[in-house]
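Dumped input_33.pdb below, it's PDB, C-alpha atoms and all ligand atoms:
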ATOM      1  CA  MET A1257      -0.924  10.448 -27.280  1.00  0.00           C
ATOM      2  CA  SER A1258       0.704  13.774 -27.327  1.00  0.00           C
ATOM      3  CA  GLY A1259       4.090  13.848 -28.879  1.00  0.00           C
ATOM      4  CA  GLU A1260       5.247  16.407 -26.426  1.00  0.00           C
ATOM      5  CA  ILE A1261       8.626  16.253 -24.860  1.00  0.00           C
ATOM      6  CA  ILE A1262       9.573  17.830 -21.579  1.00  0.00           C
ATOM      7  CA  LYS A1263      11.737  20.819 -22.171  1.00  0.00           C
ATOM      8  CA  ARG A1264      14.322  21.503 -19.532  1.00  0.00           C
ATOM      9  CA  PRO A1265      16.122  24.834 -19.385  1.00  0.00           C
ATOM     10  CA  ARG A1266      19.448  24.225 -21.074  1.00  0.00           C
ATOM     11  CA  GLU A1267      22.530  24.656 -18.967  1.00  0.00           C
ATOM     12  CA  THR A1268      24.935  27.125 -20.505  1.00  0.00           C
ATOM     13  CA  HIS A1269      28.393  25.967 -21.448  1.00  0.00           C
ATOM     14  CA  GLU A1270      29.916  28.231 -18.777  1.00  0.00           C
ATOM     15  CA  ALA A1271      27.565  26.918 -16.095  1.00  0.00           C
ATOM     16  CA  ALA A1272      28.422  23.334 -17.001  1.00  0.00           C
ATOM     17  CA  ILE A1273      32.141  24.065 -16.808  1.00  0.00           C
ATOM     18  CA  GLU A1274      31.703  25.788 -13.466  1.00  0.00           C
ATOM     19  CA  ARG A1275      29.678  22.863 -12.105  1.00  0.00           C
ATOM     20  CA  TRP A1276      32.360  20.435 -13.242  1.00  0.00           C
ATOM     21  CA  ARG A1277      35.163  22.608 -11.862  1.00  0.00           C
ATOM     22  CA  ARG A1278      33.503  22.624  -8.437  1.00  0.00           C
ATOM     23  CA  ALA A1279      33.072  18.857  -8.548  1.00  0.00           C
ATOM     24  CA  VAL A1280      36.724  18.356  -9.418  1.00  0.00           C
ATOM     25  CA  GLU A1281      37.796  20.764  -6.686  1.00  0.00           C
ATOM     26  CA  ALA A1282      35.741  18.887  -4.115  1.00  0.00           C
ATOM     27  CA  ARG A1283      37.312  15.606  -5.143  1.00  0.00           C
ATOM     28  CA  ASN A1284      40.779  17.059  -5.186  1.00  0.00           C
ATOM     29  CA  ALA A1285      40.343  17.715  -1.488  1.00  0.00           C
ATOM     30  CA  SER A1286      40.738  13.936  -1.319  1.00  0.00           C
ATOM     31  CA  PRO A1287      43.120  12.495   1.229  1.00  0.00           C
ATOM     32  CA  VAL A1288      46.583  13.501   0.172  1.00  0.00           C
ATOM     33  CA  GLU A1289      47.902  11.748   3.255  1.00  0.00           C
ATOM     34  CA  ILE A1290      46.511   8.465   2.049  1.00  0.00           C
ATOM     35  CA  ILE A1291      48.167   8.845  -1.286  1.00  0.00           C
ATOM     36  CA  ARG A1292      51.459   9.728   0.384  1.00  0.00           C
ATOM     37  CA  ALA A1293      51.084   6.835   2.761  1.00  0.00           C
ATOM     38  CA  TYR A1294      50.623   4.575  -0.221  1.00  0.00           C
ATOM     39  CA  ARG A1295      54.382   4.238  -0.548  1.00  0.00           C
ATOM     40  CA  PRO A1296      56.532   2.721   0.616  1.00  0.00           C
ATOM     41  CA  ALA A1297      54.282  -0.278   0.807  1.00  0.00           C
ATOM     42  CA  GLN A1298      54.460  -2.524   3.796  1.00  0.00           C
ATOM     43  CA  PRO A1299      55.077  -6.266   3.571  1.00  0.00           C
ATOM     44  CA  VAL A1300      52.481  -8.699   2.376  1.00  0.00           C
ATOM     45  CA  ILE A1301      49.454  -8.588   4.632  1.00  0.00           C
ATOM     46  CA  GLN A1302      49.072 -11.583   6.949  1.00  0.00           C
ATOM     47  CA  GLU A1303      45.426 -11.314   7.953  1.00  0.00           C
ATOM     48  CA  ALA A1304      42.474 -11.419   5.559  1.00  0.00           C
ATOM     49  CA  PRO A1305      40.913  -7.954   5.265  1.00  0.00           C
ATOM     50  CA  ILE A1306      37.276  -7.529   4.205  1.00  0.00           C
ATOM     51  CA  ALA A1307      38.458  -6.061   0.914  1.00  0.00           C
ATOM     52  CA  HIS A1308      41.578  -5.200  -1.011  1.00  0.00           C
ATOM     53  CA  GLN A1309      41.330  -1.563  -2.072  1.00  0.00           C
ATOM     54  CA  LEU A1310      43.692  -0.750  -4.887  1.00  0.00           C
ATOM     55  CA  LEU A1311      44.690   2.853  -5.448  1.00  0.00           C
ATOM     56  CA  ARG A1312      44.501   4.081  -9.019  1.00  0.00           C
ATOM     57  CA  PHE A1313      44.546   7.415 -10.816  1.00  0.00           C
ATOM     58  CA  CYS A1314      42.393   8.646 -13.666  1.00  0.00           C
ATOM     59  CA  ALA A1315      44.279   9.618 -16.817  1.00  0.00           C
ATOM     60  CA  LEU A1316      41.436  11.853 -17.915  1.00  0.00           C
ATOM     61  CA  PHE A1317      40.632  13.786 -14.744  1.00  0.00           C
ATOM     62  CA  ASP A1318      43.846  13.281 -12.775  1.00  0.00           C
ATOM     63  CA  LEU A1319      41.944  12.138  -9.694  1.00  0.00           C
ATOM     64  CA  ALA A1320      42.519   9.258  -7.300  1.00  0.00           C
ATOM     65  CA  TRP A1321      40.114   6.336  -7.339  1.00  0.00           C
ATOM     66  CA  ILE A1322      39.770   2.943  -5.735  1.00  0.00           C
ATOM     67  CA  ALA A1323      39.281  -0.422  -7.404  1.00  0.00           C
ATOM     68  CA  ASN A1324      37.431  -2.469  -4.818  1.00  0.00           C
ATOM     69  CA  TYR A1325      38.035  -6.203  -4.386  1.00  0.00           C
ATOM     70  CA  PRO A1326      35.826  -7.501  -1.548  1.00  0.00           C
ATOM     71  CA  ARG A1327      36.510 -10.905  -0.006  1.00  0.00           C
ATOM     72  CA  GLN A1328      34.258 -13.699  -1.226  1.00  0.00           C
ATOM     73  CA  LEU A1329      32.981 -16.567   0.901  1.00  0.00           C
ATOM     74  CA  ASN A1330      35.667 -18.847  -0.525  1.00  0.00           C
ATOM     75  CA  GLY A1331      38.359 -16.364   0.507  1.00  0.00           C
ATOM     76  CA  ASP A1332      39.104 -15.030  -2.975  1.00  0.00           C
ATOM     77  CA  TYR A1333      39.124 -11.310  -3.684  1.00  0.00           C
ATOM     78  CA  VAL A1334      37.102 -10.370  -6.742  1.00  0.00           C
ATOM     79  CA  TYR A1335      36.708  -6.944  -8.357  1.00  0.00           C
ATOM     80  CA  ASN A1336      33.215  -5.531  -8.004  1.00  0.00           C
ATOM     81  CA  GLY A1337      33.410  -1.798  -8.653  1.00  0.00           C
ATOM     82  CA  SER A1338      35.255   1.501  -8.369  1.00  0.00           C
ATOM     83  CA  PHE A1339      34.761   4.898  -6.805  1.00  0.00           C
ATOM     84  CA  TRP A1340      36.508   8.255  -6.658  1.00  0.00           C
ATOM     85  CA  LEU A1341      38.613   8.557  -3.529  1.00  0.00           C
ATOM     86  CA  GLU A1342      37.223  11.509  -1.605  1.00  0.00           C
ATOM     87  CA  LYS A1343      37.866  13.298   1.646  1.00  0.00           C
ATOM     88  CA  ARG A1344      34.854  11.635   3.272  1.00  0.00           C
ATOM     89  CA  HIS A1345      36.488   8.222   2.810  1.00  0.00           C
ATOM     90  CA  GLU A1346      39.479   9.136   4.928  1.00  0.00           C
ATOM     91  CA  PRO A1347      38.151   7.772   8.249  1.00  0.00           C
ATOM     92  CA  HIS A1348      38.030   4.335   6.633  1.00  0.00           C
ATOM     93  CA  TYR A1349      41.755   4.073   6.074  1.00  0.00           C
ATOM     94  CA  ARG A1350      44.770   3.847   8.289  1.00  0.00           C
ATOM     95  CA  LEU A1351      47.109   6.642   7.318  1.00  0.00           C
ATOM     96  CA  GLU A1352      50.145   4.402   7.534  1.00  0.00           C
ATOM     97  CA  GLY A1353      48.297   1.803   5.623  1.00  0.00           C
ATOM     98  CA  ALA A1354      49.558   0.224   2.465  1.00  0.00           C
ATOM     99  CA  TYR A1355      50.611  -3.335   1.881  1.00  0.00           C
ATOM    100  CA  THR A1356      51.801  -5.585  -0.872  1.00  0.00           C
ATOM    101  CA  LEU A1357      49.258  -8.062  -2.146  1.00  0.00           C
ATOM    102  CA  PRO A1358      50.018 -11.771  -1.943  1.00  0.00           C
ATOM    103  CA  ARG A1359      51.347 -13.432  -5.100  1.00  0.00           C
ATOM    104  CA  GLY A1360      48.141 -15.386  -5.600  1.00  0.00           C
ATOM    105  CA  PHE A1361      46.091 -12.200  -5.902  1.00  0.00           C
ATOM    106  CA  LYS A1362      44.804 -11.474  -9.407  1.00  0.00           C
ATOM    107  CA  VAL A1363      43.507  -8.171 -10.708  1.00  0.00           C
ATOM    108  CA  GLY A1364      40.403  -8.244 -12.857  1.00  0.00           C
ATOM    109  CA  SER A1365      38.984  -6.143 -15.639  1.00  0.00           C
ATOM    110  CA  GLU A1366      38.372  -2.787 -13.967  1.00  0.00           C
ATOM    111  CA  GLN A1367      36.394   0.324 -14.751  1.00  0.00           C
ATOM    112  CA  CYS A1368      37.540   3.800 -13.778  1.00  0.00           C
ATOM    113  CA  PRO A1369      34.752   6.120 -12.566  1.00  0.00           C
ATOM    114  CA  CYS A1370      35.493   8.194 -15.715  1.00  0.00           C
ATOM    115  CA  GLY A1371      34.057   5.291 -17.713  1.00  0.00           C
ATOM    116  CA  ALA A1372      37.289   3.858 -19.131  1.00  0.00           C
ATOM    117  CA  HIS A1373      37.631   0.119 -18.658  1.00  0.00           C
ATOM    118  CA  THR A1374      40.385  -2.417 -19.029  1.00  0.00           C
ATOM    119  CA  PRO A1375      40.616  -3.401 -22.716  1.00  0.00           C
ATOM    120  CA  LEU A1376      40.025  -7.024 -23.707  1.00  0.00           C
ATOM    121  CA  GLY A1377      43.075  -9.160 -23.151  1.00  0.00           C
ATOM    122  CA  LYS A1378      44.511  -6.898 -20.437  1.00  0.00           C
ATOM    123  CA  LEU A1379      44.058  -6.786 -16.689  1.00  0.00           C
ATOM    124  CA  GLY A1380      43.778  -4.027 -14.100  1.00  0.00           C
ATOM    125  CA  CYS A1381      45.329  -0.654 -14.879  1.00  0.00           C
ATOM    126  CA  VAL A1382      48.478   0.699 -16.512  1.00  0.00           C
ATOM    127  CA  TRP A1383      51.591   0.871 -14.365  1.00  0.00           C
ATOM    128  CA  CYS A1384      53.265   4.221 -15.064  1.00  0.00           C
ATOM    129  CA  PRO A1385      56.925   4.173 -14.007  1.00  0.00           C
ATOM    130  CA  ARG A1386      57.210   7.978 -14.104  1.00  0.00           C
ATOM    131  CA  CYS A1387      54.505   8.798 -11.540  1.00  0.00           C
ATOM    132  CA  THR A1388      54.878   5.304 -10.017  1.00  0.00           C
ATOM    133  CA  SER A1389      51.172   4.675  -9.941  1.00  0.00           C
ATOM    134  CA  ARG A1390      48.440   2.731 -11.648  1.00  0.00           C
ATOM    135  CA  VAL A1391      46.527   4.797 -14.156  1.00  0.00           C
ATOM    136  CA  CYS A1392      43.273   4.143 -16.051  1.00  0.00           C
ATOM    137  CA  PHE A1393      42.992   3.581 -19.792  1.00  0.00           C
ATOM    138  CA  GLY A1394      41.025   6.838 -20.231  1.00  0.00           C
ATOM    139  CA  ARG A1395      43.608   8.351 -22.591  1.00  0.00           C
ATOM    140  CA  THR A1396      44.943   5.181 -24.194  1.00  0.00           C
ATOM    141  CA  THR A1397      44.248   4.768 -27.909  1.00  0.00           C
ATOM    142  CA  PRO A1398      42.725   1.551 -29.337  1.00  0.00           C
ATOM    143  CA  SER A1399      46.179   0.664 -30.677  1.00  0.00           C
ATOM    144  CA  GLY A1400      47.582   0.827 -27.138  1.00  0.00           C
ATOM    145  CA  TYR A1401      49.324   4.191 -27.071  1.00  0.00           C
ATOM    146  CA  PHE A1402      49.165   5.273 -23.447  1.00  0.00           C
ATOM    147  CA  GLN A1403      48.963   8.844 -22.195  1.00  0.00           C
ATOM    148  CA  CYS A1404      49.254   9.407 -18.475  1.00  0.00           C
ATOM    149  CA  ARG A1405      47.434  12.046 -16.425  1.00  0.00           C
ATOM    150  CA  GLU A1406      48.287  15.691 -16.891  1.00  0.00           C
ATOM    151  CA  SER A1407      50.311  16.045 -13.690  1.00  0.00           C
ATOM    152  CA  CYS A1408      52.621  13.285 -14.969  1.00  0.00           C
ATOM    153  CA  GLY A1409      52.814  13.767 -18.727  1.00  0.00           C
ATOM    154  CA  ASN A1410      54.260  10.351 -19.539  1.00  0.00           C
ATOM    155  CA  HIS A1411      53.203   8.661 -22.787  1.00  0.00           C
ATOM    156  CA  GLY A1412      54.213   5.724 -24.931  1.00  0.00           C
ATOM    157  CA  GLN A1413      53.230   2.361 -26.341  1.00  0.00           C
ATOM    158  CA  LEU A1414      51.987  -0.103 -23.736  1.00  0.00           C
ATOM    159  CA  GLN A1415      54.287  -2.970 -22.885  1.00  0.00           C
ATOM    160  CA  GLU A1416      53.839  -6.117 -20.881  1.00  0.00           C
ATOM    161  CA  TYR A1417      54.930  -5.393 -17.375  1.00  0.00           C
ATOM    162  CA  SER A1418      54.541  -7.180 -14.101  1.00  0.00           C
ATOM    163  CA  GLU A1419      54.654  -5.208 -10.906  1.00  0.00           C
ATOM    164  CA  ARG A1420      53.233  -6.350  -7.595  1.00  0.00           C
ATOM    165  CA  GLU A1421      49.985  -4.648  -6.690  1.00  0.00           C
ATOM    166  CA  PHE A1422      49.531  -2.645  -3.520  1.00  0.00           C
ATOM    167  CA  ALA A1423      46.404  -1.978  -1.515  1.00  0.00           C
ATOM    168  CA  LEU A1424      45.362   0.561   1.082  1.00  0.00           C
ATOM    169  CA  LYS A1425      44.830  -0.634   4.605  1.00  0.00           C
ATOM    170  CA  LEU A1426      41.255  -0.381   5.796  1.00  0.00           C
ATOM    171  CA  ARG A1427      40.327   0.807   9.242  1.00  0.00           C
ATOM    172  CA  LEU A1428      36.871  -0.733   8.851  1.00  0.00           C
ATOM    173  CA  GLY A1429      35.957  -3.705  10.972  1.00  0.00           C
ATOM    174  CA  ARG A1430      38.744  -3.292  13.499  1.00  0.00           C
TER
HETATM  175 ZN    ZN B1501      39.748   7.405 -15.713  1.00  0.00          ZN
HETATM  176 ZN    ZN B1502      52.289   8.716 -15.007  1.00  0.00          ZN
END
Please go through the file and, once you have read it, give me the structure as structure tokens.
Ligand SMILES: [Zn+2]
Ligand SMILES: [Zn+2]
Amino acid sequence: MSGEIIKRPRETHEAAIERWRRAVEARNASPVEIIRAYRPAQPVIQEAPIAHQLLRFCALFDLAWIANYPRQLNGDYVYNGSFWLEKRHEPHYRLEGAYTLPRGFKVGSEQCPCGAHTPLGKLGCVWCPRCTSRVCFGRTTPSGYFQCRESCGNHGQLQEYSEREFALKLRLGR
């Protein structure tokens, strides 16, 4: 056996930054209208959509993402993954679409696409009253000191807080 390893040309620091900057730019072209339409939320939804899609923001990269809760066979909505909200997703949403989730709905342990997940003993994401949005735990310390995304700048010790969740209205399946 040869102990050889495959050597790949190393990406320079500048090239890596440029690649990341372009990726962030592309994602920032994400649907501003959707985010605007997110509030004010409409009343509790009456029908049963195929999924509840909860809008969140990333504390680390200041980008919008979706926590996806598809409907199960028994009618419950259970978290199964997240994705960055991008321009190409826009056709799937009604622009006017946002609604309040029913009281019985429960958020799960979520993971932001940046890699940050809900810490043990907590659920969903952090509600930030300054930017009035849900933000990932990407800049929260292990002792629970929260830092919001750069465009907001809020920070402080996490507190118990209950705020009704909202979801974006899907155009899919209609
Ligand atoms: Zn994040
Ligand atoms: Zn904030």
What do you get as a VMD selection string if you pick all residues at most 10 Å from ligand ZN 1501 (chain B), counting all atoms listed in the file?
chain A and resid 1312 to 1321 1340 1367 to 1373 1381 1391 to 1395 1405
Counting all atoms listed in the file, what residues are within 6 Å of ligand ZN 1502 (chain B), given as a PyMOL selection string?
chain A and resi 1384+1386-1387+1404+1408+1410
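A straight line drawn from CA of Tyr1333 in chain A to CA of Phe1361 in chain A is 7.4 Å long.
Taken over the shown file, the PyMOL selection byres (((chain A and resi 1325) around 10) and not hetatm) identifies A:Ile1306, A:Ala1307, A:His1308, A:Gln1309, A:Leu1310, A:Ile1322, A:Ala1323, A:Asn1324, A:Pro1326, A:Arg1327, A:Gln1328, A:Asp1332, A:Tyr1333, A:Val1334, A:Tyr1335, A:Asn1336, A:Gly1337, A:Ser1338, A:Lys1362, A:Val1363, A:Gly1364, A:Ala1423.
With distances taken over all atoms listed in the file, A:Arg1420 is the one residue among A:His1348, A:Arg1420, A:Lys1425, A:Arg1359 lying closest to Trp1383 in chain A.
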In Å, with one decimal, what is the gap from CA of Phe1422 in chain A to CA of Thr1397 in chain A?
26.0 Å
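Here the question is which of A:Thr1374, A:Pro1347, A:Glu1421, A:Thr1268 gets nearest to Thr1388 in chain A using all atoms listed in the file, and that residue is A:Glu1421.
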Length of the CA of Tyr1355 in chain A to CA of Gln1415 in chain A vector [Å]
25.0 Å
Option closest in space to Ile1301 in chain A, from A:Leu1424, A:Val1382, A:Leu1376, A:Leu1341 [counting all atoms listed in the file]
A:Leu1424
Report as number ranges by chain the residues that result from applying the PyMOL selection byres (((chain A and resi 1414) around 7) and not hetatm) to the structure here.
A: 1400-1402, 1412-1413, 1415-1416
Report as number ranges by chain the full result of the PyMOL selection byres (((chain A and resi 1379) around 6) and not hetatm) when it is applied to this structure.
A: 1364-1365, 1378, 1380
Incomplete range 1403-1426 of chain A filled out to N, CA and C atoms as a JSON list (two decimals), keeping the file's coordinate frame:
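Result file is rebuild-v6.json:
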[["chain", "number", "residue", "atom", "x", "y", "z"],
["A", 1403, "GLN", "N", 48.63, 7.51, -22.68],
["A", 1403, "GLN", "CA", 48.96, 8.84, -22.20],
["A", 1403, "GLN", "C", 48.59, 8.91, -20.73],
["A", 1404, "CYS", "N", 49.53, 9.33, -19.91],
["A", 1404, "CYS", "CA", 49.25, 9.41, -18.48],
["A", 1404, "CYS", "C", 48.50, 10.69, -18.15],
["A", 1405, "ARG", "N", 48.18, 10.86, -16.87],
["A", 1405, "ARG", "CA", 47.43, 12.05, -16.42],
["A", 1405, "ARG", "C", 48.29, 13.31, -16.59],
["A", 1406, "GLU", "N", 47.63, 14.43, -16.58],
["A", 1406, "GLU", "CA", 48.29, 15.69, -16.89],
["A", 1406, "GLU", "C", 49.45, 16.01, -15.94],
["A", 1407, "SER", "N", 49.27, 15.71, -14.65],
["A", 1407, "SER", "CA", 50.31, 16.05, -13.69],
["A", 1407, "SER", "C", 51.57, 15.19, -13.90],
["A", 1408, "CYS", "N", 51.47, 14.15, -14.71],
["A", 1408, "CYS", "CA", 52.62, 13.28, -14.97],
["A", 1408, "CYS", "C", 53.20, 13.57, -16.35],
["A", 1409, "GLY", "N", 52.37, 13.44, -17.38],
["A", 1409, "GLY", "CA", 52.81, 13.77, -18.73],
["A", 1409, "GLY", "C", 53.49, 12.64, -19.48],
["A", 1410, "ASN", "N", 53.64, 11.48, -18.86],
["A", 1410, "ASN", "CA", 54.26, 10.35, -19.54],
["A", 1410, "ASN", "C", 53.37, 9.83, -20.67],
["A", 1411, "HIS", "N", 53.98, 9.29, -21.72],
["A", 1411, "HIS", "CA", 53.20, 8.66, -22.79],
["A", 1411, "HIS", "C", 54.08, 7.66, -23.51],
["A", 1412, "GLY", "N", 53.45, 6.72, -24.19],
["A", 1412, "GLY", "CA", 54.21, 5.72, -24.93],
["A", 1412, "GLY", "C", 53.38, 4.48, -25.18],
["A", 1413, "GLN", "N", 53.92, 3.60, -26.00],
["A", 1413, "GLN", "CA", 53.23, 2.36, -26.34],
["A", 1413, "GLN", "C", 53.22, 1.42, -25.13],
["A", 1414, "LEU", "N", 52.10, 0.82, -24.88],
["A", 1414, "LEU", "CA", 51.99, -0.10, -23.74],
["A", 1414, "LEU", "C", 52.88, -1.32, -23.95],
["A", 1415, "GLN", "N", 53.47, -1.76, -22.85],
["A", 1415, "GLN", "CA", 54.29, -2.97, -22.88],
["A", 1415, "GLN", "C", 53.83, -3.90, -21.78],
["A", 1416, "GLU", "N", 54.14, -5.16, -21.95],
["A", 1416, "GLU", "CA", 53.84, -6.12, -20.88],
["A", 1416, "GLU", "C", 54.74, -5.79, -19.71],
["A", 1417, "TYR", "N", 54.17, -5.80, -18.53],
["A", 1417, "TYR", "CA", 54.93, -5.39, -17.38],
["A", 1417, "TYR", "C", 54.31, -6.05, -16.15],
["A", 1418, "SER", "N", 55.13, -6.62, -15.32],
["A", 1418, "SER", "CA", 54.54, -7.18, -14.10],
["A", 1418, "SER", "C", 55.14, -6.51, -12.88],
["A", 1419, "GLU", "N", 54.27, -5.94, -12.11],
["A", 1419, "GLU", "CA", 54.65, -5.21, -10.91],
["A", 1419, "GLU", "C", 53.66, -5.64, -9.85],
["A", 1420, "ARG", "N", 54.16, -5.93, -8.66],
["A", 1420, "ARG", "CA", 53.23, -6.35, -7.60],
["A", 1420, "ARG", "C", 52.24, -5.23, -7.30],
["A", 1421, "GLU", "N", 51.02, -5.62, -7.04],
["A", 1421, "GLU", "CA", 49.98, -4.65, -6.69],
["A", 1421, "GLU", "C", 50.06, -4.30, -5.21],
["A", 1422, "PHE", "N", 49.62, -3.09, -4.91],
["A", 1422, "PHE", "CA", 49.53, -2.64, -3.52],
["A", 1422, "PHE", "C", 48.08, -2.34, -3.19],
["A", 1423, "ALA", "N", 47.76, -2.34, -1.92],
["A", 1423, "ALA", "CA", 46.40, -1.98, -1.52],
["A", 1423, "ALA", "C", 46.48, -1.06, -0.31],
["A", 1424, "LEU", "N", 45.43, -0.30, -0.09],
["A", 1424, "LEU", "CA", 45.36, 0.56, 1.08],
["A", 1424, "LEU", "C", 44.79, -0.21, 2.25],
["A", 1425, "LYS", "N", 45.30, 0.10, 3.43],
["A", 1425, "LYS", "CA", 44.83, -0.63, 4.61],
["A", 1425, "LYS", "C", 43.55, -0.01, 5.15],
["A", 1426, "LEU", "N", 42.55, -0.84, 5.30],
["A", 1426, "LEU", "CA", 41.26, -0.38, 5.80],
["A", 1426, "LEU", "C", 41.23, -0.31, 7.31]]
